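K.L.:
One structure coming up, written as structure tokens, with questions to follow.
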Number of protein chains: 2
Amino acid sequence: MPGTGMDKPQRILLSHGGGGHKTEELIRNVFQPYLNDPLLASMDDSAIIDNIVFTTDSFVVHPHFFPGGDIGKLAVSGTVNDITSMGAQPQYLSISFILEEGYKISDLKKILESIREAAHESGVRIVTADTKVVEKKSCDGVFINTSGIGNVVIQPPPSFNLIQPGDAIIINGEIGLHGIAVLLARGEFSMEGNILSDVAPLWSMIEKIKQYNIKFMRDPTRGGLAQTLNEIALSADVGISLDQHELPISPEVQNACDLLGFDPLEIANEGKMLIICSDQDKQNILDILKSHPLGEKSQIIGTITSHHRKVVTLRTSLGTERIIMPPSGEILPRIC
Amino acid sequence: MPGTGMDKPQRILLSHGGGGHKTEELIRNVFQPYLNDPLLASMDDSAIIDNIVFTTDSFVVHPHFFPGGDIGKLAVSGTVNDITSMGAQPQYLSISFILEEGYKISDLKKILESIREAAHESGVRIVTADTKVVEKKSCDGVFINTSGIGNVVIQPPPSFNLIQPGDAIIINGEIGLHGIAVLLARGEFSMEGNILSDVAPLWSMIEKIKQYNIKFMRDPTRGGLAQTLNEIALSADVGISLDQHELPISPEVQNACDLLGFDPLEIANEGKMLIICSDQDKQNILDILKSHPLGEKSQIIGTITSHHRKVVTLRTSLGTERIIMPPSGEILPRIC
């Protein structure tokens, strides 16, 4: 029946939470007609109000403990990194737990210890909290929300509008570690690996480069580099050209992706920041990042171009170019 | 085995989320050793930083729709009221959804409409948001977190420290409506009723009395008046004397409580504010509250005393006094 909207999904799909195309669709078609504040409509991960950044994120990662981290470290890092990406120093966090009846208090304590450490590492204070308990089989053990406030210290604040052809794109290390680490921790694949999640709060590293001309930053989480770079190309109306030679991918992640049929560019990261800066500043920024424990494997992975606007291309090792599309479908659910 | 801690619960209990004694125990024994910021340790529902209030709350109410409201109206009202109770004007909210795969988009839209209305009514802007989707049977449909920021406008800010013997205690209407409405909506009791939840954002009402000498405010949610008044008596080191004659309880709520074996004083409210003010201001405040749609049934329900410190007493209609203890056990789970 044409015109009845029968082709639109009437129920929430897992892919609506993937951070990609279906998430955008849900936001545009369902959320935005009701929630249409201009700050929200900007589709940034955070809002800036009078130089204050305000952001929120819920964490439902499954399993709660994975090589390299847990839901607690993730909950602090995710919000710290969202604030950081706005050019702001994270200052205050709220934390809210939804716990399932019967959840082991010893596991909760491990999560709290991770939260304490990650907050300490980032210099943020956890100043307000809430706890709810739901019956068994109602929440998969524990969900955590963190919201956060930060103070913009990079001026002018990083923004799509500052991006120009010729700018360099830097990442602070190997990609795809978090998504693959969580996936393997689920034990659904008969694969084991030594892959540790990269989950980490990045403010202590970004603070070191705050005096440079940083045009834009974004942490490439759900949907990985492919998602984030396509959003940048689209919003800034520029082309993005990546060099496969320069992409830092560990052999373990490449191997796991080859076996499982994934593209490392589409896999979530939780301790990476994409930094777009002027060509002039790129070497200084790279040197500083490399001197920080969270940036030792930093690389300049590409440039902003004026051709192929709104498109992300990858120069392969064979010298050919391929287009990197934003991931579609459900990607990998529950990785954050 | 003495000294091994075998008597302490090793798993999360439903009562840990009730907002009462067991919740305090969880916070003290499990959370505080890890999260010990002085602002958090104050055990207020919100933190005040440089005249800015910051607060968080997750909402897991079951069912999502109940007479008088839904989880969306609750999520906005709860956080607006927490900010309001600190003497602050609510300004900005974040909202974060955890949705279950298969959740009806038509239900989500109803919830979003309630959110939009409640935000509009309170004059708050929803400026940042997040959505996660989890597999079926992982989250009971929808959980919502709201965090909020407000600007302290009542000076000096309401605080336990300002409470003195002789102060009056006011409430803006009938108690127990929310808890009983949600409970009956579950259909577990073979009872029907016309009881509507009182869920409402209260800032528009409290704004009208902001020029008065308000010593303290708190919204008596989980654990009801019994919980909140006991916290006040304990923290302010005062006695609280209530007058049963003056307690606004609807015959429907009293009736339901009598049949189900509950005390209306222990039932959650979501549209009530306890206001402690000087004896001198009480009549002016009462008159203003009564002229607002959310305060028509306001009453002066008791006084702060210097005897029976840390204890809440109720003068009954028989002229006797009984002690109102804080509720223990699991109270009513999932009412917010």
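Residue numbering restarts at 1 for every chain of the structure tokens, chains are lettered A, B, ... in their displayed order, and ligands are numbered from 1 as they appear.
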Pick out each residue of region 104-176 of chain B that DSSP on the backbone tags as helix (DSSP H, G or I); I need them as a PyMOL selection string.

P.N.:
chain B and resi 105-122+160-162

K.L.:
Could those residues be written to a file, using C-alpha atoms, as a PDB file, in the first residue's frame?

P.N.:
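Ended up saving to result26.pdb:
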ATOM      1  CA  ILE B 105       8.102   2.573  17.873  1.00  0.00           C
ATOM      2  CA  SER B 106       4.563   3.824  18.515  1.00  0.00           C
ATOM      3  CA  ASP B 107       5.172   3.401  22.266  1.00  0.00           C
ATOM      4  CA  LEU B 108       8.519   5.154  21.977  1.00  0.00           C
ATOM      5  CA  LYS B 109       6.780   8.065  20.266  1.00  0.00           C
ATOM      6  CA  LYS B 110       4.256   8.355  23.108  1.00  0.00           C
ATOM      7  CA  ILE B 111       7.123   8.464  25.580  1.00  0.00           C
ATOM      8  CA  LEU B 112       8.917  11.099  23.502  1.00  0.00           C
ATOM      9  CA  GLU B 113       5.771  13.229  23.406  1.00  0.00           C
ATOM     10  CA  SER B 114       5.582  13.084  27.220  1.00  0.00           C
ATOM     11  CA  ILE B 115       9.243  14.059  27.429  1.00  0.00           C
ATOM     12  CA  ARG B 116       8.674  16.981  25.096  1.00  0.00           C
ATOM     13  CA  GLU B 117       5.681  18.217  27.106  1.00  0.00           C
ATOM     14  CA  ALA B 118       7.344  17.871  30.507  1.00  0.00           C
ATOM     15  CA  ALA B 119      10.493  19.635  29.281  1.00  0.00           C
ATOM     16  CA  HIS B 120       8.392  22.444  27.828  1.00  0.00           C
ATOM     17  CA  GLU B 121       6.397  22.769  31.052  1.00  0.00           C
ATOM     18  CA  SER B 122       9.615  23.096  33.054  1.00  0.00           C
ATOM     19  CA  PHE B 160      20.100  20.802  56.094  1.00  0.00           C
ATOM     20  CA  ASN B 161      22.203  23.344  57.977  1.00  0.00           C
ATOM     21  CA  LEU B 162      19.539  26.038  57.759  1.00  0.00           C
TER      22      LEU B 162
END

K.L.:
Which of these residues is nearest to Ile170 (chain A), using only C-alpha atoms: A:Thr313, A:Gln211, A:Gln32, A:Ser278?

P.N.:
A:Ser278
